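*Asks:* I am sharing protein.csv, which consists of CSV, C-alpha atoms:
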chain,number,residue,atom,x,y,z
O,741,MET,CA,3.4,15.0,-7.1
O,742,PRO,CA,0.7,13.2,-5.2
O,743,PHE,CA,0.1,9.5,-5.5
O,744,VAL,CA,-3.4,8.2,-5.1
O,745,ASN,CA,-4.5,4.5,-4.8
O,746,ILE,CA,-8.2,3.8,-5.1
O,747,ARG,CA,-9.4,0.3,-4.2
O,748,ILE,CA,-12.8,-0.8,-5.2
O,749,THR,CA,-14.5,-4.2,-5.5
O,750,LYS,CA,-14.3,-5.7,-9.0
O,751,GLU,CA,-17.9,-5.3,-10.0
O,752,GLY,CA,-17.8,-4.0,-13.5
O,753,ALA,CA,-16.4,-0.4,-13.4
O,754,THR,CA,-16.1,0.7,-17.0
O,755,ALA,CA,-13.0,2.3,-18.7
O,756,ASP,CA,-15.0,5.5,-18.8
O,757,GLN,CA,-15.9,5.5,-15.1
O,758,LYS,CA,-12.2,4.9,-14.3
O,759,ARG,CA,-11.2,7.8,-16.5
O,760,ARG,CA,-13.7,10.0,-14.5
O,761,LEU,CA,-12.1,8.8,-11.2
O,762,ILE,CA,-8.6,9.6,-12.5
O,763,GLU,CA,-9.7,13.0,-13.8
O,764,GLY,CA,-11.7,13.9,-10.7
O,765,VAL,CA,-9.1,13.0,-8.1
O,766,THR,CA,-6.4,14.8,-10.1
O,767,ASP,CA,-8.6,18.0,-10.2
O,768,LEU,CA,-9.3,17.7,-6.5
O,769,LEU,CA,-5.6,17.7,-5.6
O,770,ALA,CA,-5.0,20.6,-7.8
O,771,ASP,CA,-7.9,22.6,-6.4
O,772,VAL,CA,-7.4,21.9,-2.7
O,773,LEU,CA,-3.6,21.8,-2.5
O,774,GLY,CA,-2.4,23.4,-5.7
O,775,LYS,CA,-0.7,20.2,-6.8
O,776,ASN,CA,0.8,19.9,-10.3
O,777,ARG,CA,-1.6,17.8,-12.4
O,778,LYS,CA,1.2,16.5,-14.7
O,779,THR,CA,2.9,14.6,-11.8
O,780,THR,CA,-0.3,13.3,-10.2
O,781,PHE,CA,-0.4,9.5,-10.3
O,782,VAL,CA,-3.6,7.5,-9.7
O,783,ILE,CA,-3.8,3.7,-9.5
O,784,ILE,CA,-7.1,1.9,-9.3
O,785,ASP,CA,-7.1,-1.6,-7.9
O,786,GLU,CA,-10.2,-3.8,-8.5
O,787,VAL,CA,-10.5,-6.5,-5.9
O,788,ASP,CA,-12.4,-9.7,-6.2
O,789,THR,CA,-15.4,-9.8,-3.8
O,790,ASP,CA,-14.1,-13.0,-2.2
O,791,ASN,CA,-11.0,-11.0,-1.2
O,792,TRP,CA,-12.6,-8.0,0.4
O,793,GLY,CA,-14.1,-8.3,3.9
O,794,ILE,CA,-16.1,-5.9,5.9
O,795,GLY,CA,-17.6,-6.6,9.4
O,796,GLY,CA,-16.0,-10.0,9.4
O,797,GLU,CA,-17.6,-11.3,6.2
O,798,SER,CA,-16.6,-11.3,2.6
O,799,VAL,CA,-18.4,-9.0,0.2
O,800,THR,CA,-19.4,-12.1,-1.7
O,801,GLU,CA,-21.3,-13.3,1.4
O,802,LEU,CA,-22.8,-9.8,2.0
O,803,ARG,CA,-24.0,-9.5,-1.6
O,804,GLY,CA,-25.7,-12.9,-1.3
O,805,LYS,CA,-27.8,-11.9,1.7
A,336,MET,CA,14.0,-7.0,6.6
A,337,PRO,CA,12.9,-4.4,4.0
A,338,PHE,CA,9.7,-4.7,2.1
A,339,VAL,CA,9.6,-3.2,-1.4
A,340,ASN,CA,6.5,-2.8,-3.6
A,341,ILE,CA,7.2,-2.0,-7.3
A,342,ARG,CA,4.2,-1.0,-9.3
A,343,ILE,CA,4.4,-0.9,-13.1
A,344,THR,CA,1.9,-0.9,-16.0
A,345,LYS,CA,1.0,-4.3,-17.3
A,346,GLU,CA,2.7,-4.1,-20.6
A,347,GLY,CA,4.6,-7.4,-21.0
A,348,ALA,CA,7.4,-7.5,-18.4
A,349,THR,CA,8.9,-11.0,-18.7
A,350,ALA,CA,9.7,-13.4,-15.8
A,351,ASP,CA,13.4,-12.7,-16.5
A,352,GLN,CA,12.9,-8.9,-16.2
A,353,LYS,CA,11.0,-9.4,-13.0
A,354,ARG,CA,13.8,-11.6,-11.6
A,355,ARG,CA,16.3,-8.8,-12.5
A,356,LEU,CA,14.2,-6.3,-10.6
A,357,ILE,CA,13.9,-8.5,-7.5
A,358,GLU,CA,17.7,-9.2,-7.5
A,359,GLY,CA,18.6,-5.6,-8.2
A,360,VAL,CA,16.5,-4.0,-5.5
A,361,THR,CA,17.6,-6.7,-3.0
A,362,ASP,CA,21.3,-5.9,-3.8
A,363,LEU,CA,20.6,-2.1,-3.5
A,364,LEU,CA,19.2,-2.4,0.0
A,365,ALA,CA,22.1,-4.6,1.1
A,366,ASP,CA,24.7,-2.2,-0.5
A,367,VAL,CA,23.2,1.1,0.8
A,368,LEU,CA,21.8,0.0,4.2
A,369,GLY,CA,23.5,-3.3,5.0
A,370,LYS,CA,20.1,-5.0,5.0
A,371,ASN,CA,19.9,-8.8,5.2
A,372,ARG,CA,19.2,-10.2,1.7
A,373,LYS,CA,17.4,-13.3,3.2
A,374,THR,CA,14.6,-11.3,4.7
A,375,THR,CA,14.2,-8.7,1.9
A,376,PHE,CA,10.7,-9.0,0.3
A,377,VAL,CA,9.9,-7.6,-3.1
A,378,ILE,CA,6.4,-7.6,-4.6
A,379,ILE,CA,5.7,-6.4,-8.2
A,380,ASP,CA,2.2,-5.3,-9.1
A,381,GLU,CA,1.3,-5.0,-12.8
A,382,VAL,CA,-1.5,-2.6,-13.3
A,383,ASP,CA,-3.8,-2.5,-16.3
A,384,THR,CA,-3.3,0.7,-18.4
A,385,ASP,CA,-7.0,1.6,-17.9
A,386,ASN,CA,-6.3,1.7,-14.2
A,387,TRP,CA,-3.3,3.9,-14.1
A,388,GLY,CA,-3.6,7.7,-14.5
A,389,ILE,CA,-1.1,10.4,-14.9
A,390,GLY,CA,-1.8,14.1,-15.5
A,391,GLY,CA,-5.6,13.4,-15.3
A,392,GLU,CA,-5.6,10.8,-18.1
A,393,SER,CA,-5.4,7.0,-18.2
A,394,VAL,CA,-2.2,5.5,-19.6
A,395,THR,CA,-4.5,3.8,-22.2
A,396,GLU,CA,-5.4,7.3,-23.5
A,397,LEU,CA,-1.8,8.6,-23.3
A,398,ARG,CA,-0.5,5.5,-25.3
A,399,GLY,CA,-3.1,6.2,-28.0
A,400,LYS,CA,-2.0,9.7,-28.7
W,1331,MET,CA,6.0,5.8,-14.8
W,1332,PRO,CA,6.8,3.2,-12.1
W,1333,PHE,CA,5.9,3.7,-8.5
W,1334,VAL,CA,8.1,2.2,-5.8
W,1335,ASN,CA,7.4,2.0,-2.1
W,1336,ILE,CA,10.4,1.0,0.1
W,1337,ARG,CA,9.6,0.1,3.7
W,1338,ILE,CA,12.4,-0.1,6.2
W,1339,THR,CA,12.7,0.0,10.0
W,1340,LYS,CA,13.3,3.4,11.4
W,1341,GLU,CA,16.8,2.9,12.6
W,1342,GLY,CA,18.8,6.0,11.4
W,1343,ALA,CA,18.9,5.9,7.6
W,1344,THR,CA,20.5,9.2,6.6
W,1345,ALA,CA,19.3,11.6,3.9
W,1346,ASP,CA,22.3,10.6,1.8
W,1347,GLN,CA,21.4,6.9,2.1
W,1348,LYS,CA,17.8,7.7,1.1
W,1349,ARG,CA,19.1,9.6,-1.9
W,1350,ARG,CA,21.1,6.6,-3.0
W,1351,LEU,CA,18.1,4.3,-2.7
W,1352,ILE,CA,16.0,6.7,-4.8
W,1353,GLU,CA,18.7,7.0,-7.4
W,1354,GLY,CA,19.5,3.3,-7.4
W,1355,VAL,CA,15.9,2.1,-7.8
W,1356,THR,CA,15.2,4.7,-10.5
W,1357,ASP,CA,18.3,3.5,-12.4
W,1358,LEU,CA,17.2,-0.1,-12.0
W,1359,LEU,CA,13.8,0.4,-13.6
W,1360,ALA,CA,15.3,2.4,-16.5
W,1361,ASP,CA,17.9,-0.3,-17.1
W,1362,VAL,CA,15.7,-3.4,-16.8
W,1363,LEU,CA,12.4,-2.1,-18.3
W,1364,GLY,CA,13.4,1.1,-20.1
W,1365,LYS,CA,11.2,3.1,-17.8
W,1366,ASN,CA,11.3,6.9,-18.0
W,1367,ARG,CA,13.3,8.3,-15.1
W,1368,LYS,CA,11.4,11.6,-15.0
W,1369,THR,CA,8.1,9.9,-14.1
W,1370,THR,CA,9.5,7.3,-11.6
W,1371,PHE,CA,8.3,7.9,-8.1
W,1372,VAL,CA,9.9,6.4,-5.0
W,1373,ILE,CA,8.5,6.7,-1.5
W,1374,ILE,CA,10.4,5.5,1.5
W,1375,ASP,CA,8.5,4.7,4.7
W,1376,GLU,CA,10.4,4.3,7.9
W,1377,VAL,CA,8.6,2.2,10.4
W,1378,ASP,CA,9.0,2.2,14.2
W,1379,THR,CA,10.5,-1.2,15.4
W,1380,ASP,CA,7.5,-1.7,17.7
W,1381,ASN,CA,5.3,-1.6,14.6
W,1382,TRP,CA,7.2,-4.2,12.5
W,1383,GLY,CA,6.8,-7.8,13.2
W,1384,ILE,CA,8.6,-10.9,11.8
W,1385,GLY,CA,8.2,-14.5,12.9
W,1386,GLY,CA,5.4,-13.4,15.3
W,1387,GLU,CA,7.7,-10.9,17.3
W,1388,SER,CA,8.2,-7.2,17.0
W,1389,VAL,CA,11.6,-6.1,15.7
W,1390,THR,CA,12.1,-4.3,19.1
W,1391,GLU,CA,11.9,-7.7,20.8
W,1392,LEU,CA,14.2,-9.3,18.2
W,1393,ARG,CA,16.8,-6.5,18.5
W,1394,GLY,CA,16.8,-7.0,22.3
W,1395,LYS,CA,17.7,-10.7,22.2
M,1371,MET,CA,-12.2,1.4,11.7
M,1372,PRO,CA,-9.1,-0.6,10.9
M,1373,PHE,CA,-7.9,-1.4,7.5
M,1374,VAL,CA,-5.9,-4.6,6.9
M,1375,ASN,CA,-4.2,-5.7,3.7
M,1376,ILE,CA,-3.0,-9.3,3.6
M,1377,ARG,CA,-0.7,-10.2,0.7
M,1378,ILE,CA,-0.1,-13.9,0.0
M,1379,THR,CA,1.3,-15.8,-3.0
M,1380,LYS,CA,-1.4,-16.9,-5.5
M,1381,GLU,CA,-1.2,-20.6,-4.8
M,1382,GLY,CA,-4.8,-21.8,-4.4
M,1383,ALA,CA,-6.3,-20.2,-1.3
M,1384,THR,CA,-10.0,-21.2,-1.3
M,1385,ALA,CA,-12.9,-18.8,-0.7
M,1386,ASP,CA,-13.5,-20.6,2.6
M,1387,GLN,CA,-9.9,-20.0,3.7
M,1388,LYS,CA,-10.2,-16.3,2.7
M,1389,ARG,CA,-13.4,-16.0,4.8
M,1390,ARG,CA,-11.5,-17.5,7.8
M,1391,LEU,CA,-8.7,-14.9,7.3
M,1392,ILE,CA,-11.3,-12.1,7.1
M,1393,GLU,CA,-13.1,-13.3,10.2
M,1394,GLY,CA,-10.0,-14.0,12.2
M,1395,VAL,CA,-8.3,-10.7,11.6
M,1396,THR,CA,-11.5,-8.8,12.3
M,1397,ASP,CA,-11.9,-10.7,15.6
M,1398,LEU,CA,-8.3,-10.0,16.5
M,1399,LEU,CA,-8.7,-6.2,16.1
M,1400,ALA,CA,-11.9,-6.3,18.2
M,1401,ASP,CA,-10.2,-8.4,20.9
M,1402,VAL,CA,-6.9,-6.6,21.2
M,1403,LEU,CA,-8.0,-3.0,20.5
M,1404,GLY,CA,-11.7,-3.0,20.9
M,1405,LYS,CA,-12.2,-1.9,17.3
M,1406,ASN,CA,-15.7,-1.9,15.8
M,1407,ARG,CA,-16.2,-5.0,13.7
M,1408,LYS,CA,-18.7,-3.3,11.4
M,1409,THR,CA,-16.1,-0.8,10.1
M,1410,THR,CA,-13.1,-3.2,9.8
M,1411,PHE,CA,-12.0,-3.7,6.3
M,1412,VAL,CA,-9.8,-6.5,5.1
M,1413,ILE,CA,-8.4,-6.8,1.6
M,1414,ILE,CA,-6.5,-9.9,0.4
M,1415,ASP,CA,-4.1,-9.6,-2.5
M,1416,GLU,CA,-3.0,-12.8,-4.2
M,1417,VAL,CA,0.4,-12.3,-6.0
M,1418,ASP,CA,1.8,-14.4,-8.8
M,1419,THR,CA,4.9,-16.3,-7.7
M,1420,ASP,CA,6.9,-14.6,-10.5
M,1421,ASN,CA,6.1,-11.3,-8.9
M,1422,TRP,CA,7.1,-12.0,-5.3
M,1423,GLY,CA,10.8,-12.1,-4.4
M,1424,ILE,CA,12.6,-13.1,-1.2
M,1425,GLY,CA,16.3,-13.3,-0.7
M,1426,GLY,CA,16.9,-11.9,-4.2
M,1427,GLU,CA,15.0,-14.7,-6.0
M,1428,SER,CA,11.4,-15.1,-7.2
M,1429,VAL,CA,9.1,-17.5,-5.3
M,1430,THR,CA,8.8,-19.4,-8.7
M,1431,GLU,CA,12.6,-20.1,-8.6
M,1432,LEU,CA,12.5,-21.0,-4.9
M,1433,ARG,CA,9.6,-23.4,-5.4
M,1434,GLY,CA,11.5,-25.1,-8.2
M,1435,LYS,CA,14.6,-25.9,-6.1
I,866,MET,CA,-16.9,0.4,0.4
I,867,PRO,CA,-14.0,2.0,-1.4
I,868,PHE,CA,-10.7,2.5,0.2
I,869,VAL,CA,-8.6,5.5,-1.0
I,870,ASN,CA,-5.0,6.2,0.1
I,871,ILE,CA,-3.7,9.7,-0.8
I,872,ARG,CA,0.0,10.3,-0.5
I,873,ILE,CA,1.4,13.8,-0.5
I,874,THR,CA,4.6,15.4,0.6
I,875,LYS,CA,4.6,16.7,4.1
I,876,GLU,CA,4.6,20.4,3.4
I,877,GLY,CA,1.9,21.9,5.6
I,878,ALA,CA,-1.5,20.7,4.5
I,879,THR,CA,-4.0,22.0,7.0
I,880,ALA,CA,-6.7,20.0,8.8
I,881,ASP,CA,-9.2,21.9,6.7
I,882,GLN,CA,-7.5,21.0,3.4
I,883,LYS,CA,-7.4,17.4,4.5
I,884,ARG,CA,-11.1,17.5,5.3
I,885,ARG,CA,-11.8,18.9,1.8
I,886,LEU,CA,-9.8,16.0,0.3
I,887,ILE,CA,-11.7,13.5,2.3
I,888,GLU,CA,-15.1,15.0,1.4
I,889,GLY,CA,-14.1,15.5,-2.2
I,890,VAL,CA,-12.9,12.0,-2.9
I,891,THR,CA,-15.9,10.5,-1.0
I,892,ASP,CA,-18.3,12.5,-3.2
I,893,LEU,CA,-16.4,11.5,-6.4
I,894,LEU,CA,-16.8,7.8,-5.7
I,895,ALA,CA,-20.5,8.2,-4.9
I,896,ASP,CA,-21.0,10.3,-8.1
I,897,VAL,CA,-19.1,8.1,-10.5
I,898,LEU,CA,-19.7,4.6,-9.1
I,899,GLY,CA,-22.7,5.0,-6.8
I,900,LYS,CA,-20.6,3.9,-3.8
I,901,ASN,CA,-22.0,4.2,-0.3
I,902,ARG,CA,-20.5,7.3,1.4
I,903,LYS,CA,-20.8,5.7,4.9
I,904,THR,CA,-18.3,2.9,4.1
I,905,THR,CA,-15.8,5.0,2.1
I,906,PHE,CA,-12.4,5.1,3.8
I,907,VAL,CA,-9.8,7.7,3.0
I,908,ILE,CA,-6.3,7.7,4.5
I,909,ILE,CA,-3.9,10.6,3.8
I,910,ASP,CA,-0.2,9.9,4.3
I,911,GLU,CA,2.2,12.9,4.5
I,912,VAL,CA,5.7,11.9,3.5
I,913,ASP,CA,8.9,13.7,4.4
I,914,THR,CA,10.5,15.4,1.4
I,915,ASP,CA,13.7,13.4,2.0
I,916,ASN,CA,11.7,10.2,1.6
I,917,TRP,CA,10.0,11.0,-1.7
I,918,GLY,CA,11.9,10.7,-5.0
I,919,ILE,CA,11.0,11.7,-8.5
I,920,GLY,CA,13.4,11.5,-11.5
I,921,GLY,CA,16.0,9.9,-9.3
I,922,GLU,CA,16.3,12.8,-6.9
I,923,SER,CA,14.6,13.5,-3.5
I,924,VAL,CA,12.0,16.3,-3.4
I,925,THR,CA,14.3,18.0,-0.8
I,926,GLU,CA,16.9,18.3,-3.6
I,927,LEU,CA,14.4,19.4,-6.2
I,928,ARG,CA,12.9,22.1,-3.9
I,929,GLY,CA,16.5,23.4,-3.3
I,930,LYS,CA,17.2,24.0,-7.0
D,1364,MET,CA,5.9,-15.6,3.3
D,1365,PRO,CA,2.8,-13.4,3.8
D,1366,PHE,CA,2.9,-9.7,4.2
D,1367,VAL,CA,0.3,-8.0,6.4
D,1368,ASN,CA,-0.3,-4.2,6.7
D,1369,ILE,CA,-2.6,-3.2,9.6
D,1370,ARG,CA,-3.7,0.4,9.6
D,1371,ILE,CA,-5.3,1.9,12.7
D,1372,THR,CA,-5.9,5.4,14.0
D,1373,LYS,CA,-3.2,6.8,16.2
D,1374,GLU,CA,-5.0,6.7,19.5
D,1375,GLY,CA,-2.6,5.2,22.0
D,1376,ALA,CA,-2.1,1.5,21.1
D,1377,THR,CA,0.5,0.2,23.4
D,1378,ALA,CA,3.7,-1.8,22.5
D,1379,ASP,CA,2.0,-4.8,24.2
D,1380,GLN,CA,-1.1,-4.5,22.1
D,1381,LYS,CA,1.0,-4.2,18.9
D,1382,ARG,CA,2.8,-7.3,20.0
D,1383,ARG,CA,-0.5,-9.1,20.3
D,1384,LEU,CA,-1.6,-8.0,16.9
D,1385,ILE,CA,1.7,-9.2,15.4
D,1386,GLU,CA,1.5,-12.6,17.1
D,1387,GLY,CA,-2.2,-13.0,16.4
D,1388,VAL,CA,-2.1,-12.3,12.7
D,1389,THR,CA,1.1,-14.5,12.3
D,1390,ASP,CA,-0.7,-17.4,14.1
D,1391,LEU,CA,-3.8,-16.9,11.9
D,1392,LEU,CA,-1.9,-17.2,8.7
D,1393,ALA,CA,-0.1,-20.3,9.9
D,1394,ASP,CA,-3.4,-21.9,11.1
D,1395,VAL,CA,-5.5,-21.1,8.0
D,1396,LEU,CA,-3.0,-21.4,5.2
D,1397,GLY,CA,-0.1,-23.2,6.8
D,1398,LYS,CA,2.2,-20.2,6.2
D,1399,ASN,CA,5.7,-20.2,7.6
D,1400,ARG,CA,5.8,-18.1,10.7
D,1401,LYS,CA,9.4,-17.2,10.2
D,1402,THR,CA,8.8,-15.3,7.0
D,1403,THR,CA,5.6,-13.6,8.0
D,1404,PHE,CA,5.9,-9.8,8.0
D,1405,VAL,CA,3.5,-7.5,9.8
D,1406,ILE,CA,3.6,-3.7,9.6
D,1407,ILE,CA,1.3,-1.6,11.7
D,1408,ASP,CA,0.7,2.0,10.5
D,1409,GLU,CA,-0.8,4.4,13.0
D,1410,VAL,CA,-2.6,7.3,11.2
D,1411,ASP,CA,-3.4,10.7,12.7
D,1412,THR,CA,-7.2,11.2,13.1
D,1413,ASP,CA,-7.1,14.3,10.9
D,1414,ASN,CA,-5.7,12.0,8.1
D,1415,TRP,CA,-8.4,9.3,8.2
D,1416,GLY,CA,-11.8,9.8,6.8
D,1417,ILE,CA,-14.9,7.8,6.8
D,1418,GLY,CA,-18.3,8.8,5.5
D,1419,GLY,CA,-16.8,12.0,4.1
D,1420,GLU,CA,-15.6,13.3,7.5
D,1421,SER,CA,-12.3,13.0,9.3
D,1422,VAL,CA,-12.2,10.8,12.4
D,1423,THR,CA,-11.2,14.0,14.4
D,1424,GLU,CA,-14.7,15.4,13.4
D,1425,LEU,CA,-16.5,12.2,14.2
D,1426,ARG,CA,-14.8,11.8,17.6
D,1427,GLY,CA,-15.9,15.4,18.5
D,1428,LYS,CA,-19.6,14.7,17.8
Could you spell out this file's structure in structure tokens?
*Replies:*
Amino acid sequence: MPFVNIRITKEGATADQKRRLIEGVTDLLADVLGKNRKTTFVIIDEVDTDNWGIGGESVTELRGK
Amino acid sequence: MPFVNIRITKEGATADQKRRLIEGVTDLLADVLGKNRKTTFVIIDEVDTDNWGIGGESVTELRGK
Amino acid sequence: MPFVNIRITKEGATADQKRRLIEGVTDLLADVLGKNRKTTFVIIDEVDTDNWGIGGESVTELRGK
Amino acid sequence: MPFVNIRITKEGATADQKRRLIEGVTDLLADVLGKNRKTTFVIIDEVDTDNWGIGGESVTELRGK
Amino acid sequence: MPFVNIRITKEGATADQKRRLIEGVTDLLADVLGKNRKTTFVIIDEVDTDNWGIGGESVTELRGK
Amino acid sequence: MPFVNIRITKEGATADQKRRLIEGVTDLLADVLGKNRKTTFVIIDEVDTDNWGIGGESVTELRGK
């Protein structure tokens, strides 16, 4: 019954790409640890680039360089 | 001073229902563990059904079946 | 399929108290939002008092006052 | 490579204020623990006041008093 | 620069299994979204079975049935 | 009433260093956003180096290179 939270910047991931993330991570946990697919939860959070920082700068700033 | 994070799919929970969740979980922590209600935090995250997966599928797919 | 994360200080909560938290919060989500009990996840994190701060002080300091 | 998640109520924080939070917390981790600024991540979540509770009430209710 | 948090019950995952989870999820995000492997963070939390509930019961109880 | 979660690798941060993180981040939120220090929560999670990955490798592997 794993729980996985994936956080990415909000830059246009499609519903299909999100489906592939959900399927892929569920497969990975079944393959590596034998976890039950039925009770594997995955939540994807898409974060505004103003609200994500790396190296002391926001991603908005980094993208603008 | 407990901190509780409730994550649900974004499917129309009303402000009143959220108030009942906040009140109920605050009461529960006071009843079971004697926690101070004043410093109990509750945050509710509502997650798009495209962004929540269970059993390798998104909730959007599951709801459509 | 709600997911609930309860964070409390590590100060001796018993297995029975944790069971009551798990049961209580699962009941609450079923009562208020009609959520399926079978796919309600609850994770309790117990945090060392050195690692929890409120008002700019650690709980270890606050407890010592 | 620290990871910091700051959660605040959604009440109008500006992009500049968010930049100052990102910079400040990155500096703090470098100063106190010698952490590498380049691999310090900061994510800010802004939460609707209906979805944040303290003392058993939502922040929306508290603000209205 | 994705951030992934994997939560599993603490039931003996080995360092090698954890390495495979880290590598697999990093590959997945690069494959599906073109994310930079170098700035992909993965954190695995192992949770005591007393502290994880599903269907209103702790995993400790479920394992004992 | 901000909530801040700081995640670092478990590599010997002292109680004093944690106190400085708690104090520093509480000050930062008061300075930048005018947040009430009394209701600012900070939780520090220390993560085993086997359980933290960056660039597809665990920190244990990276430290050994």
*Asks:* Select all residues from chain M having any atom no more than 7 Å from an atom of chain O (counting all atoms listed in the file, ignoring ligands), output as a list in words.
*Replies:*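 Close enough to count are Ala1385, Lys1388, Arg1389, Ile1392, Glu1393, Thr1396, Arg1407, Lys1408, Thr1409, Thr1410, Phe1411, Val1412, Ile1413 and Ile1414 of chain M.
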*Asks:* I'd like the superposed copy of chain M - fitted to chain A by least squares over all paired Cα atoms - as a PDB file with C-alpha atoms, in the frame of the given file.
*Replies:*
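Ended up saving to result06.pdb:
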ATOM      1  CA  MET M1371      14.027  -6.899   6.617  1.00  0.00           C
ATOM      2  CA  PRO M1372      12.917  -4.438   3.978  1.00  0.00           C
ATOM      3  CA  PHE M1373       9.754  -4.632   2.081  1.00  0.00           C
ATOM      4  CA  VAL M1374       9.571  -3.187  -1.451  1.00  0.00           C
ATOM      5  CA  ASN M1375       6.514  -2.861  -3.662  1.00  0.00           C
ATOM      6  CA  ILE M1376       7.169  -1.996  -7.300  1.00  0.00           C
ATOM      7  CA  ARG M1377       4.114  -0.991  -9.340  1.00  0.00           C
ATOM      8  CA  ILE M1378       4.469  -0.910 -13.136  1.00  0.00           C
ATOM      9  CA  THR M1379       1.945  -0.835 -15.998  1.00  0.00           C
ATOM     10  CA  LYS M1380       0.980  -4.328 -17.269  1.00  0.00           C
ATOM     11  CA  GLU M1381       2.711  -4.100 -20.611  1.00  0.00           C
ATOM     12  CA  GLY M1382       4.652  -7.359 -21.026  1.00  0.00           C
ATOM     13  CA  ALA M1383       7.394  -7.507 -18.403  1.00  0.00           C
ATOM     14  CA  THR M1384       8.950 -10.996 -18.721  1.00  0.00           C
ATOM     15  CA  ALA M1385       9.689 -13.322 -15.793  1.00  0.00           C
ATOM     16  CA  ASP M1386      13.389 -12.760 -16.486  1.00  0.00           C
ATOM     17  CA  GLN M1387      12.970  -8.981 -16.226  1.00  0.00           C
ATOM     18  CA  LYS M1388      11.006  -9.413 -12.949  1.00  0.00           C
ATOM     19  CA  ARG M1389      13.844 -11.584 -11.544  1.00  0.00           C
ATOM     20  CA  ARG M1390      16.347  -8.799 -12.460  1.00  0.00           C
ATOM     21  CA  LEU M1391      14.139  -6.237 -10.612  1.00  0.00           C
ATOM     22  CA  ILE M1392      13.941  -8.557  -7.577  1.00  0.00           C
ATOM     23  CA  GLU M1393      17.674  -9.148  -7.553  1.00  0.00           C
ATOM     24  CA  GLY M1394      18.635  -5.574  -8.190  1.00  0.00           C
ATOM     25  CA  VAL M1395      16.484  -4.027  -5.522  1.00  0.00           C
ATOM     26  CA  THR M1396      17.570  -6.624  -2.988  1.00  0.00           C
ATOM     27  CA  ASP M1397      21.236  -5.883  -3.809  1.00  0.00           C
ATOM     28  CA  LEU M1398      20.608  -2.171  -3.510  1.00  0.00           C
ATOM     29  CA  LEU M1399      19.177  -2.468   0.044  1.00  0.00           C
ATOM     30  CA  ALA M1400      22.142  -4.663   1.071  1.00  0.00           C
ATOM     31  CA  ASP M1401      24.637  -2.209  -0.461  1.00  0.00           C
ATOM     32  CA  VAL M1402      23.227   1.066   0.764  1.00  0.00           C
ATOM     33  CA  LEU M1403      21.828  -0.002   4.165  1.00  0.00           C
ATOM     34  CA  GLY M1404      23.421  -3.284   4.903  1.00  0.00           C
ATOM     35  CA  LYS M1405      20.044  -5.017   5.037  1.00  0.00           C
ATOM     36  CA  ASN M1406      19.884  -8.817   5.218  1.00  0.00           C
ATOM     37  CA  ARG M1407      19.175 -10.240   1.791  1.00  0.00           C
ATOM     38  CA  LYS M1408      17.430 -13.310   3.190  1.00  0.00           C
ATOM     39  CA  THR M1409      14.612 -11.235   4.757  1.00  0.00           C
ATOM     40  CA  THR M1410      14.106  -8.706   1.894  1.00  0.00           C
ATOM     41  CA  PHE M1411      10.792  -9.012   0.270  1.00  0.00           C
ATOM     42  CA  VAL M1412       9.883  -7.581  -3.083  1.00  0.00           C
ATOM     43  CA  ILE M1413       6.405  -7.597  -4.569  1.00  0.00           C
ATOM     44  CA  ILE M1414       5.692  -6.461  -8.155  1.00  0.00           C
ATOM     45  CA  ASP M1415       2.221  -5.293  -9.077  1.00  0.00           C
ATOM     46  CA  GLU M1416       1.364  -5.090 -12.760  1.00  0.00           C
ATOM     47  CA  VAL M1417      -1.529  -2.576 -13.360  1.00  0.00           C
ATOM     48  CA  ASP M1418      -3.813  -2.438 -16.355  1.00  0.00           C
ATOM     49  CA  THR M1419      -3.270   0.732 -18.376  1.00  0.00           C
ATOM     50  CA  ASP M1420      -6.963   1.648 -17.878  1.00  0.00           C
ATOM     51  CA  ASN M1421      -6.326   1.692 -14.179  1.00  0.00           C
ATOM     52  CA  TRP M1422      -3.245   3.912 -14.020  1.00  0.00           C
ATOM     53  CA  GLY M1423      -3.652   7.669 -14.495  1.00  0.00           C
ATOM     54  CA  ILE M1424      -1.097  10.465 -14.865  1.00  0.00           C
ATOM     55  CA  GLY M1425      -1.827  14.068 -15.544  1.00  0.00           C
ATOM     56  CA  GLY M1426      -5.578  13.410 -15.285  1.00  0.00           C
ATOM     57  CA  GLU M1427      -5.649  10.818 -18.108  1.00  0.00           C
ATOM     58  CA  SER M1428      -5.382   7.013 -18.206  1.00  0.00           C
ATOM     59  CA  VAL M1429      -2.164   5.444 -19.564  1.00  0.00           C
ATOM     60  CA  THR M1430      -4.475   3.796 -22.247  1.00  0.00           C
ATOM     61  CA  GLU M1431      -5.434   7.314 -23.527  1.00  0.00           C
ATOM     62  CA  LEU M1432      -1.832   8.540 -23.342  1.00  0.00           C
ATOM     63  CA  ARG M1433      -0.542   5.526 -25.259  1.00  0.00           C
ATOM     64  CA  GLY M1434      -3.120   6.151 -27.961  1.00  0.00           C
ATOM     65  CA  LYS M1435      -2.040   9.756 -28.666  1.00  0.00           C
TER      66      LYS M1435
END
*Asks:* Using Å and a single decimal, report how far CA of Glu876 (chain I) sits from CA of Leu1425 (chain D).
*Replies:*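 Interatomic distance, CA of Leu1425 (chain D) to CA of Glu876 (chain I): 25.1 Å.
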*Asks:* Please identify all polymer residues within 8 Å of Leu1359 (chain W), counting all atoms listed in the file, omitting same-chain residues fewer than 6 positions from it, and present them as a list in words.
*Replies:* Leu356 of chain A; Pro1332 and Lys1365 of chain W
*Asks:* Would you work out the distance separating CA of Ala753 (chain O) from CA of Asp892 (chain I), expressed in Å to one decimal?
*Replies:*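 Going from CA of Ala753 (chain O) over to CA of Asp892 (chain I), I get 16.6 Å.
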